Every structure is written in structure tokens, then in C-alpha cells.
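Undergrad: Got a structure for you, questions after.
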There are 2 protein chains.
Amino acid sequence: MILAIDIGGTKLAAGLVGHDGTVAEVRRAATPQGADAETLWRALTDLISPLGVSGVEGVGVGCGGPMTWPDGVVSTLNIPGWRGFPLRARLAARFPGLPVRLHNDAICLAVAEHWRGAGRGYGDMLGMVVSTGVGGGLILNGRLVHGRTGNAGHIGHVVVEPEGGPRCGCGGHGCLEAVARGPALAMWALEQGWTPGAASASGGAALPGGATTLVSVGVEDRAVTARGLAADARAGGPVAVRAMRRAGRALGIAIASTTHLCDLDLVTIGGGLSQAGEPLFGPLEEALREHARMEFARRVKVLPAALGQESCLIGAAALLLAGDAYWPT
Amino acid sequence: MILAIDIGGTKLAAGLVGHDGTVAEVRRAATPQGADAETLWRALTDLISPLGVSGVEGVGVGCGGPMTWPDGVVSTLNIPGWRGFPLRARLAARFPGLPVRLHNDAICLAVAEHWRGAGRGYGDMLGMVVSTGVGGGLILNGRLVHGRTGNAGHIGHVVVEPEGGPRCGCGGHGCLEAVARGPALAMWALEQGWTPGAASASGGAALPGGATTLVSVGVEDRAVTARGLAADARAGGPVAVRAMRRAGRALGIAIASTTHLCDLDLVTIGGGLSQAGEPLFGPLEEALREHARMEFARRVKVLPAALGQESCLIGAAALLLAGDAYWPT
């Protein structure tokens, strides 16, 4: 049994994950906004404390980057109170004698899909998440590629609009993330005259996975807005459809490049935007097949991620439960 | 001692490579043009026969792709007489009892740079060749990434001009290779009014590595023309300089994307075009630094390949001499 922790800018989650990947006793809380480092730490320990951790063999953590890795000193972008916070060391002190392993949350999502999701049994895959950001993890020859600094898999910063593309949060421009992240796409749609919810007001129930379509919220509530855009696209709203086409083609181009570089079998895509279905995956496939023409590259498949909101917890646990594949040996 | 073989569309080479990577008794011959499979095979065995192979422990081959891998059935693009030719099996029959290992020639160049060239001691690198084509090999965590079909490292087909870019030989468009391969670049320069040799007629001696500047040849003799363009750029010819800028920026963009995906320390660049020096590497660095802004990506270095024309032989030998790193175990 592993104590798994998922740390993001809007929510914290913790749960117990068994050797077979099943998750029990999940607890969730909002990430305290504007809080200092110790307040954030207390929120996390308060979340964990009620869990029955007596049989726990290790602690696995998925956390938003950037971070130093593998020592797990985190400076999570959307948690300003943690800048250089020694999360791994603090957890090790809190759970003496237990191994603590920490990785980027996008990496954990990719690991989860490979271990227990749509990527099960594949040797070479890229697991992607398209949400507030665009991230990923690379599994090659059945093993997670970490990179020396733990930063391998940053598909969000593959360049898809080299000249004249939008500025990116990384400081560059034309990155996949700058085009396809939910908030950027929602903003683009608003500029093109999108009226959130106009198309899907009666169609929100069509969204899979129990997602809520809160179309009245502002762009600030980014994940929800991207889901709203996805819902509108599914309902046929023309601007939303064009927005999904824009994101889908950018994804297809980046996936073609990655397939050529890494000889991939499979790409999985999770995150709020992936719920758009055909309006996203259609243009994605179109661009991918247009660019990936060599015989070896034609075999690559793109599938929606199979695991839901507990995916990060499952992947974090796999860092320990399947460490031969997912942790440096 | 390894018998190493380098098979390309214009030349064949064979030599003996010692455990320390030194190459002895290299023999070269032109690849018979328009020849059938058995004529090509005889040309190869005639090349090898005079070599003293009594102490040889294995045979390593670098060959132009595509091929099936690791079984080494080759359909080398520029050798039309070999379509589905079982090169590895034929060599195994010719040298009974000896292991025969075969890989893409671009992979062998990358391996050579990592084993004995500019990449020595680096954990995570991409070795590139920019010549008639644009190819490469990925070494991550100190080991060559093969991919399930042996096709990992195809940097030439990273997309750098997604919409409206030039058609590529792979069937796609906007690939790095379609922009930066020598013949495409020379053609582009000719269209822009380049007069081959106008700038470098008196400056050809400035080319390093003993390359000859034969500026009077047609575009058909592609490697030479690319070298001529490189020489003209070094001599300040304005169209040649613009051509190198075009190739350099495309290379920089593809390298930035690869660095983000693979968390690279180093990229090495060999091949005729890399001899352009500053006119190529200046714009390359400019585009790379513009796009690779995250802290981890800023560390990536780009260096000219250190090894010369025997590089492919050295890399082919390393498939056996350092098989733990460069061959699947």
C-alpha cells in the first residue's frame, strides 16, 4: 500500500493505492490560495492525517513543476507560496523510514496510463495531458524517460508555430502549450466571438466522465472554461469547433514530430480538453496523418486517456510499486 | 577488432576498428549506380576481401535507411538495386560464427560521436548529420534509443514549417529535412539567384577538413553542392548566407523541440552543411535560444561533430565494441 499525493494549483488529493493500482480512501481539498509555505504544508498534512497509513510502504507524489529532481524541491508555478520548498524532504521527515518519490504531475499521468490505463502493454508511448497546461511523459522501451534533470516529456514546448506563434509562459513562442492549453484556447475563442455555453446549454449532459459544464465562470477558472469550450464544440458551436480544430492540428503536428523522434507506438491524451471528442481528435488525426507518412510512423495510435481524476495518484504510487520501470535504478 | 562497413548511395567503405576506436586499413569504392542486387553485393565483398579479417570478432554495418531492424533487411533509398535485401543475413553467411550488427548510418554517426567524439561523457545527446538528408540518433541516460522498429532519432522529420512548408521525401511537408537538406537548400539558393562559387572561388581553401569545393557540378552531385553553398556562405556570399540562415533557424527550432522532449545536454552536428561554420551555427543558436527558455533547456550545447569521414565506421564498430550502450541487451 502506497500513500499517494497529488498537488496542483487548485486542488490537493491524497489516497491509498494498492499493489494492483486500486485507489482507496481518497481525500481532496482546495489548495489554499495566496497561502505561505507552512500554511500550504499544514493543509497537506491535515489532508493526509485521517488516512490509515499504518500499512503504508512508501509515499509517492505527483506535483506541478518546475522542481529539482529527484530531490523534489518544488516551485510549483500555480502555488506561489512554494518557491524552493523541500517537499520530498519534509515528507521523508513526516514518514520516517519510508521511501518518498516525487515527480512532475504530467509524468505521473503518463505513468498511470502506461501502468494501468490505455497504454498497458505498449513499449513506446507518450502520455499527454491537455488542460491548464500541456504536459507529458515519455515511456520508451517500457521504461519512463526521466532526463538528467527529470524534465523529459515536455511535449507542451515542442514548437508548432515557429514564426509568429503566440508567446508562451516558458518565455518562448509558438509552443504547443501556447496554442492548445485550455485558457489560451478559450481566450482565442472569446476573441473570435465565442459565447460560452450558447451551443451546449442544453447539451452539457453529453459530457463524459461526470464533468460539470459551468459555462458562466470567467476565464480565470481555467479548467472549467476549457471544459465549457469542449462541451460547446461537441454541441456544434462553430467558434468552439474552430478552436478545437486549432488545438487539434497543433497537437497532431507535435505528435508527428515526437513519433519521428521516438518511434512511438501510442499517444494517450487526457485532461479537460480531451473531452471534446471528435472536434478535437478529428483535426488531430488529420494533421498527424498528413505529417507522419513514413511506414514506421504510420503505426502510431492516439487514444483518450483511460483513467480519470485519480490518475495522478495511481501514477505517483507506481513510482514505488513499479519502480523498475518508472524510477531510476 | 571489428570489421566495419559503411554503405551509402554514393560510396562504400570498409575498415578494421580496434577496441579503442582507431580505424585501420580503410578501403573505399564508389557505389555502383543502377546496379542490381547481386552486382552491389559483389562490389561490397570485393571491397572487403583484401582486408585481413583473421582477427575480426564481429561485423558492424552502418547503412542508409529504410531497413527492417534489427534483422537488417535493407531498402536503402539511394540504392534502388537493394529493395528488401537481406544484408545482415548475407554478411552472417559470409562470416560464419561472427556476430553481425547493422543500424541506420545516421544512428552510427551519433553513436560514434558519443563513444569517441564530441559527445564523450555526456548522458543525454542527439547526434545529427546534415547532408543529403538530415538524420540523427538519440542517446538518453547513456544508452542509444532504438525504438521498437529501430527508427528513433528521426530528427529530419520534426516539423518546422507546419503550414505551407516544402514537400518532403517522406510524403509529409514542412519537415526539417525538407528545408535543411543540402540539395533542397542549394535549390532554394539557386532560385534566389545564387551563383555557385561566386563568393568562394578564391576562398575554397578556407574549408576545414580537406573538403573540395567543386562549384561547377550540378545539383545532382548533391553533397558537393551543399559544401559549395557552405563555402560561399563562409566567404560572405549574400544568398548563400541567407540560405544558411534558413537552414540554421530550422535546425535551431527542431533542436529546441527535441531538447524539451528529451531533456538533452548536447547536440552534435556533422555532415557537409555543418562546415559552413558561423553562417549556419549563428542563426541556429539564435533560434534555439529564442525557443528554449526554460532553465533545464538552456543548458543544451550544440557542437560540431568531432569525427570525420570514418565516423560511420567507428559507430558501426561500437554497436559491437560497446554493445551494452548501443545495442539492445
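Chain identifiers are assigned as A, B, and so on, following the order in which chains appear in the C-alpha cells; residues are numbered from 1 within each chain, and ligands are numbered from 1 in order of appearance.
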At a cut-off of 8 Å, which residues of chain B touch chain A? Count only C-alpha atoms and give the answer as a ChimeraX atom specification.
TA: /B:123-124,140-141,145,147-155,157-162,170-173,253-254,256-258,260-264,290-294,296
Undergrad: Save out the residues we just selected, C-alpha atoms, as a PDB file, in the first residue's frame.
TA:
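selection.pdb, written as the output of this step:
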```
ATOM      1  CA  GLY B 123      24.450  11.261 -20.750  1.00  0.00           C
ATOM      2  CA  ASP B 124      21.749  12.733 -22.964  1.00  0.00           C
ATOM      3  CA  LEU B 140      19.441   9.049 -23.409  1.00  0.00           C
ATOM      4  CA  ASN B 141      20.774   8.130 -19.987  1.00  0.00           C
ATOM      5  CA  VAL B 145      17.394   4.799 -28.047  1.00  0.00           C
ATOM      6  CA  GLY B 147      12.704   2.427 -30.835  1.00  0.00           C
ATOM      7  CA  ARG B 148      10.829  -0.779 -31.448  1.00  0.00           C
ATOM      8  CA  THR B 149      11.462  -0.611 -35.198  1.00  0.00           C
ATOM      9  CA  GLY B 150      14.946   0.931 -34.916  1.00  0.00           C
ATOM     10  CA  ASN B 151      13.671   4.296 -36.143  1.00  0.00           C
ATOM     11  CA  ALA B 152      14.141   6.522 -33.116  1.00  0.00           C
ATOM     12  CA  GLY B 153      16.207   9.651 -33.793  1.00  0.00           C
ATOM     13  CA  HIS B 154      14.489  10.768 -36.997  1.00  0.00           C
ATOM     14  CA  ILE B 155      15.050  14.474 -36.272  1.00  0.00           C
ATOM     15  CA  HIS B 157      11.134  14.708 -39.817  1.00  0.00           C
ATOM     16  CA  VAL B 158      10.432  17.004 -36.926  1.00  0.00           C
ATOM     17  CA  VAL B 159       8.024  19.550 -38.375  1.00  0.00           C
ATOM     18  CA  VAL B 160       9.471  23.068 -38.551  1.00  0.00           C
ATOM     19  CA  GLU B 161       7.164  24.728 -41.108  1.00  0.00           C
ATOM     20  CA  PRO B 162       3.781  23.171 -40.307  1.00  0.00           C
ATOM     21  CA  CYS B 170       8.874  11.192 -46.644  1.00  0.00           C
ATOM     22  CA  GLY B 171       5.497  12.188 -48.078  1.00  0.00           C
ATOM     23  CA  GLY B 172       4.863  14.855 -45.473  1.00  0.00           C
ATOM     24  CA  HIS B 173       5.620  18.561 -45.592  1.00  0.00           C
ATOM     25  CA  ILE B 253      13.722  25.155 -33.846  1.00  0.00           C
ATOM     26  CA  ALA B 254      13.901  21.364 -34.200  1.00  0.00           C
ATOM     27  CA  ALA B 256      14.649  23.289 -29.157  1.00  0.00           C
ATOM     28  CA  SER B 257      11.676  20.933 -29.531  1.00  0.00           C
ATOM     29  CA  THR B 258      13.875  17.870 -29.068  1.00  0.00           C
ATOM     30  CA  HIS B 260      12.197  19.961 -24.406  1.00  0.00           C
ATOM     31  CA  LEU B 261      11.081  16.418 -25.162  1.00  0.00           C
ATOM     32  CA  CYS B 262      14.291  14.651 -24.176  1.00  0.00           C
ATOM     33  CA  ASP B 263      15.981  16.915 -21.604  1.00  0.00           C
ATOM     34  CA  LEU B 264      19.207  16.996 -23.647  1.00  0.00           C
ATOM     35  CA  GLU B 290      14.672  32.084 -28.651  1.00  0.00           C
ATOM     36  CA  HIS B 291      12.656  28.887 -28.185  1.00  0.00           C
ATOM     37  CA  ALA B 292      14.497  27.001 -25.417  1.00  0.00           C
ATOM     38  CA  ARG B 293      13.895  29.292 -22.464  1.00  0.00           C
ATOM     39  CA  MET B 294      13.125  27.052 -19.519  1.00  0.00           C
ATOM     40  CA  PHE B 296      16.598  22.953 -17.881  1.00  0.00           C
TER      41      PHE B 296
END
```
Undergrad: Among region 143-290 of chain B, which residues carry a DSSP assignment of alpha helix (DSSP H), reported as an MDAnalysis selection string?
TA: chainID B and resid 176:180 182:191 222:234 238:262 278:290
Undergrad: Just give me the gap between CA of Lys11 (chain A) and CA of Met128 (chain A) in Å, one decimal is fine.
TA: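 Computing it gives 19.7 Å between the two atoms.
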Undergrad: If we count only C-alpha atoms and set the cut-off at 10 Å, which residues sit around Leu77 (chain B), ignoring sequence neighbours fewer than 3 positions away in its own chain? Please answer as a list in words.
TA: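 Selected residues are Gly8, Gly9, Gly64, Gly65, Pro66, Met67, Val74, Pro80, Gly81, Trp82 and Arg83 of chain B.
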Undergrad: Atoms to include: N, CA and C atoms. Write the selected residues as an mmCIF file, in the first residue's frame.
TA:
```cif
data_model
loop_
_atom_site.group_PDB
_atom_site.id
_atom_site.type_symbol
_atom_site.label_atom_id
_atom_site.label_comp_id
_atom_site.auth_asym_id
_atom_site.auth_seq_id
_atom_site.Cartn_x
_atom_site.Cartn_y
_atom_site.Cartn_z
ATOM 1 N N GLY B 8 26.532 3.716 -48.414
ATOM 2 C CA GLY B 8 25.724 4.870 -48.807
ATOM 3 C C GLY B 8 25.428 4.831 -50.290
ATOM 4 N N GLY B 9 24.609 5.745 -50.741
ATOM 5 C CA GLY B 9 24.207 5.778 -52.134
ATOM 6 C C GLY B 9 25.334 6.128 -53.085
ATOM 7 N N GLY B 64 22.370 3.299 -45.139
ATOM 8 C CA GLY B 64 21.256 4.211 -45.331
ATOM 9 C C GLY B 64 19.919 3.486 -45.234
ATOM 10 N N GLY B 65 18.930 4.139 -44.635
ATOM 11 C CA GLY B 65 17.618 3.529 -44.454
ATOM 12 C C GLY B 65 16.733 3.754 -45.669
ATOM 13 N N PRO B 66 15.500 3.273 -45.663
ATOM 14 C CA PRO B 66 14.931 2.472 -44.565
ATOM 15 C C PRO B 66 15.403 1.020 -44.575
ATOM 16 N N MET B 67 15.158 0.374 -43.439
ATOM 17 C CA MET B 67 15.515 -1.038 -43.283
ATOM 18 C C MET B 67 14.590 -1.630 -42.228
ATOM 19 N N VAL B 74 17.568 -4.415 -45.921
ATOM 20 C CA VAL B 74 17.689 -3.004 -46.278
ATOM 21 C C VAL B 74 17.002 -2.676 -47.605
ATOM 22 N N PRO B 80 18.720 1.841 -55.448
ATOM 23 C CA PRO B 80 17.470 1.211 -55.929
ATOM 24 C C PRO B 80 17.607 -0.297 -56.147
ATOM 25 N N GLY B 81 18.834 -0.780 -56.376
ATOM 26 C CA GLY B 81 19.027 -2.216 -56.595
ATOM 27 C C GLY B 81 18.778 -3.050 -55.350
ATOM 28 N N TRP B 82 18.833 -2.417 -54.204
ATOM 29 C CA TRP B 82 18.551 -3.128 -52.958
ATOM 30 C C TRP B 82 17.176 -2.735 -52.436
ATOM 31 N N ARG B 83 16.240 -3.597 -52.680
ATOM 32 C CA ARG B 83 14.897 -3.411 -52.105
ATOM 33 C C ARG B 83 14.583 -4.694 -51.367
#
```
Undergrad: Interatomic distance between CA of Gly18 (chain B) and CA of Val61 (chain B)?
TA: 15.0 Å
Undergrad: DSSP on the backbone, then: every residue of region 26-267 of chain A marked strand (DSSP E or B), written as a VMD selection string.
TA: chain A and resid 26 to 30 58 to 63 67 to 68 73 to 74 85 100 to 104 125 to 130 134 to 140 143 to 144 159 167 173 175 266 to 267
Undergrad: Using Å and a single decimal, report how far CA of Ala317 (chain B) sits from CA of Pro50 (chain B).
TA: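 So the answer is 18.7 Å.
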Undergrad: I'd like the contact shell of Asp232 (chain B) - 8 Å cut-off, only C-alpha atoms, skipping same-chain residues fewer than 2 positions apart - returned as a list of chain:residue names.
TA: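 Returned residues: B:Pro196, B:Gly197, B:Ala198, B:Ala199, B:Ser200, B:Gly228, B:Leu229, B:Ala230, B:Arg234, B:Ala235, B:Gly236, B:Gly237, B:Ala240, B:Val241.
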Undergrad: Within 10 Å of Ala110 (chain A), counting only C-alpha atoms, which residues show up once you throw out same-chain ones fewer than 5 positions away? Write them as a list in words, please.
TA: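 Counting only the stated atoms, we get Asp105, Trp115, Gly117, Ala118, Gly119, Met125, Leu126, Gly127, Met128, Val129, Gly135, Gly136, Gly137, Leu138, Ile139, Leu144, Gly153, Val267, Thr268, Ile269, Gly270, Ala305, Ser311, Cys312 and Gly315 of chain A.
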Undergrad: Restricting the calculation to only C-alpha atoms: of B:Ile5, B:Ala93, B:Leu251, B:Val59, which residue gets closest to Leu321 (chain B)?
TA: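 Using only C-alpha atoms, Leu321 (chain B) sits closest to B:Val59.
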Undergrad: Would you kindly return, as an MDAnalysis selection string, each protein, DNA or RNA residue with an atom no farther than 12 Å from any atom of Glu310 (chain A), considering only C-alpha atoms and excluding same-chain residues fewer than 5 positions away?
TA: chainID A and resid 4:7 12:17 21:28 62 105 108:109 112:113 116:117 270:271 305 315:317
Undergrad: Residues as selected, N, CA and C atoms, written as an mmCIF file, in the first residue's frame, can you do that?
TA:
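Contents of part.cif, as written:
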```cif
data_model
loop_
_atom_site.group_PDB
_atom_site.id
_atom_site.type_symbol
_atom_site.label_atom_id
_atom_site.label_comp_id
_atom_site.auth_asym_id
_atom_site.auth_seq_id
_atom_site.Cartn_x
_atom_site.Cartn_y
_atom_site.Cartn_z
ATOM 1 N N ALA A 4 -0.382 7.990 -1.739
ATOM 2 C CA ALA A 4 -0.159 8.776 -2.957
ATOM 3 C C ALA A 4 -0.741 10.170 -2.777
ATOM 4 N N ILE A 5 -0.012 11.146 -3.290
ATOM 5 C CA ILE A 5 -0.388 12.552 -3.105
ATOM 6 C C ILE A 5 -0.342 13.261 -4.457
ATOM 7 N N ASP A 6 -1.349 14.084 -4.699
ATOM 8 C CA ASP A 6 -1.462 14.830 -5.958
ATOM 9 C C ASP A 6 -1.582 16.306 -5.607
ATOM 10 N N ILE A 7 -0.600 17.097 -6.031
ATOM 11 C CA ILE A 7 -0.567 18.504 -5.645
ATOM 12 C C ILE A 7 -0.662 19.397 -6.868
ATOM 13 N N LEU A 12 -5.684 19.687 -3.855
ATOM 14 C CA LEU A 12 -4.789 18.687 -3.284
ATOM 15 C C LEU A 12 -5.584 17.391 -3.173
ATOM 16 N N ALA A 13 -4.917 16.269 -3.361
ATOM 17 C CA ALA A 13 -5.587 14.991 -3.150
ATOM 18 C C ALA A 13 -4.594 14.017 -2.539
ATOM 19 N N ALA A 14 -5.118 13.108 -1.734
ATOM 20 C CA ALA A 14 -4.279 12.059 -1.156
ATOM 21 C C ALA A 14 -5.128 10.803 -1.053
ATOM 22 N N GLY A 15 -4.487 9.653 -1.218
ATOM 23 C CA GLY A 15 -5.218 8.396 -1.138
ATOM 24 C C GLY A 15 -4.265 7.244 -0.936
ATOM 25 N N LEU A 16 -4.835 6.079 -0.738
ATOM 26 C CA LEU A 16 -4.034 4.874 -0.551
ATOM 27 C C LEU A 16 -4.179 4.012 -1.806
ATOM 28 N N VAL A 17 -3.066 3.616 -2.364
ATOM 29 C CA VAL A 17 -3.090 2.851 -3.606
ATOM 30 C C VAL A 17 -2.509 1.461 -3.366
ATOM 31 N N GLY A 21 -3.078 -1.202 -8.123
ATOM 32 C CA GLY A 21 -3.437 0.092 -8.675
ATOM 33 C C GLY A 21 -4.795 0.618 -8.237
ATOM 34 N N THR A 22 -5.492 -0.138 -7.411
ATOM 35 C CA THR A 22 -6.781 0.379 -6.939
ATOM 36 C C THR A 22 -6.561 1.447 -5.866
ATOM 37 N N VAL A 23 -7.431 2.455 -5.916
ATOM 38 C CA VAL A 23 -7.283 3.605 -5.033
ATOM 39 C C VAL A 23 -8.373 3.565 -3.967
ATOM 40 N N ALA A 24 -7.985 3.738 -2.723
ATOM 41 C CA ALA A 24 -8.958 3.751 -1.632
ATOM 42 C C ALA A 24 -8.786 5.022 -0.804
ATOM 43 N N GLU A 25 -9.882 5.379 -0.113
ATOM 44 C CA GLU A 25 -9.839 6.478 0.859
ATOM 45 C C GLU A 25 -9.275 7.774 0.301
ATOM 46 N N VAL A 26 -9.739 8.174 -0.882
ATOM 47 C CA VAL A 26 -9.231 9.432 -1.433
ATOM 48 C C VAL A 26 -9.811 10.617 -0.672
ATOM 49 N N ARG A 27 -8.964 11.549 -0.308
ATOM 50 C CA ARG A 27 -9.424 12.801 0.291
ATOM 51 C C ARG A 27 -8.952 13.965 -0.584
ATOM 52 N N ARG A 28 -9.812 14.939 -0.726
ATOM 53 C CA ARG A 28 -9.476 16.098 -1.565
ATOM 54 C C ARG A 28 -9.720 17.390 -0.808
ATOM 55 N N GLY A 62 2.812 13.272 -7.014
ATOM 56 C CA GLY A 62 2.789 13.976 -8.289
ATOM 57 C C GLY A 62 2.531 15.439 -8.004
ATOM 58 N N ASP A 105 3.617 16.153 -12.145
ATOM 59 C CA ASP A 105 2.290 15.535 -12.229
ATOM 60 C C ASP A 105 1.965 15.008 -13.637
ATOM 61 N N CYS A 108 3.412 11.681 -13.886
ATOM 62 C CA CYS A 108 2.615 10.683 -13.150
ATOM 63 C C CYS A 108 1.395 10.250 -13.964
ATOM 64 N N LEU A 109 0.782 11.181 -14.673
ATOM 65 C CA LEU A 109 -0.372 10.825 -15.506
ATOM 66 C C LEU A 109 0.045 9.854 -16.618
ATOM 67 N N ALA A 112 0.717 6.459 -15.097
ATOM 68 C CA ALA A 112 -0.541 5.790 -14.752
ATOM 69 C C ALA A 112 -1.167 5.143 -15.982
ATOM 70 N N GLU A 113 -1.176 5.870 -17.096
ATOM 71 C CA GLU A 113 -1.767 5.305 -18.323
ATOM 72 C C GLU A 113 -0.983 4.093 -18.803
ATOM 73 N N ARG A 116 -1.601 1.215 -15.801
ATOM 74 C CA ARG A 116 -2.944 0.676 -15.566
ATOM 75 C C ARG A 116 -4.009 1.247 -16.490
ATOM 76 N N GLY A 117 -3.596 2.001 -17.509
ATOM 77 C CA GLY A 117 -4.591 2.659 -18.353
ATOM 78 C C GLY A 117 -4.521 2.229 -19.807
ATOM 79 N N GLY A 270 -5.148 12.942 -22.077
ATOM 80 C CA GLY A 270 -6.117 13.199 -21.024
ATOM 81 C C GLY A 270 -6.245 14.687 -20.771
ATOM 82 N N GLY A 271 -6.992 15.037 -19.735
ATOM 83 C CA GLY A 271 -7.190 16.451 -19.408
ATOM 84 C C GLY A 271 -8.512 16.953 -19.952
ATOM 85 N N ALA A 305 -7.034 9.142 -22.782
ATOM 86 C CA ALA A 305 -6.591 8.521 -21.535
ATOM 87 C C ALA A 305 -7.743 7.728 -20.941
ATOM 88 N N GLY A 315 -0.367 7.047 -10.773
ATOM 89 C CA GLY A 315 0.984 7.181 -11.322
ATOM 90 C C GLY A 315 2.020 7.441 -10.238
ATOM 91 N N ALA A 316 1.660 8.275 -9.259
ATOM 92 C CA ALA A 316 2.588 8.569 -8.157
ATOM 93 C C ALA A 316 2.898 7.294 -7.382
ATOM 94 N N ALA A 317 1.873 6.467 -7.191
ATOM 95 C CA ALA A 317 2.092 5.194 -6.484
ATOM 96 C C ALA A 317 2.974 4.258 -7.303
#
```
Undergrad: Contacts of Arg246 (chain A) at 8 Å or less, counting only C-alpha atoms, minus same-chain residues fewer than 4 places along, as a CSV table (one decimal) with N, CA and C atoms, in the first residue's frame?
TA:
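Contents of result.csv, freshly written:
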```
chain,number,residue,atom,x,y,z
A,179,VAL,N,-0.5,27.4,-27.8
A,179,VAL,CA,-1.7,27.3,-28.7
A,179,VAL,C,-2.8,26.5,-28.0
A,180,ALA,N,-2.5,25.4,-27.4
A,180,ALA,CA,-3.5,24.4,-27.1
A,180,ALA,C,-4.0,24.3,-25.6
A,242,ARG,N,-14.0,25.6,-34.3
A,242,ARG,CA,-12.8,26.1,-34.9
A,242,ARG,C,-11.7,26.1,-33.9
A,250,ALA,N,-2.6,21.5,-33.9
A,250,ALA,CA,-1.3,21.7,-33.2
A,250,ALA,C,-0.8,20.5,-32.5
A,283,PRO,N,-9.4,16.7,-36.2
A,283,PRO,CA,-8.3,17.6,-36.7
A,283,PRO,C,-6.9,17.1,-36.3
```
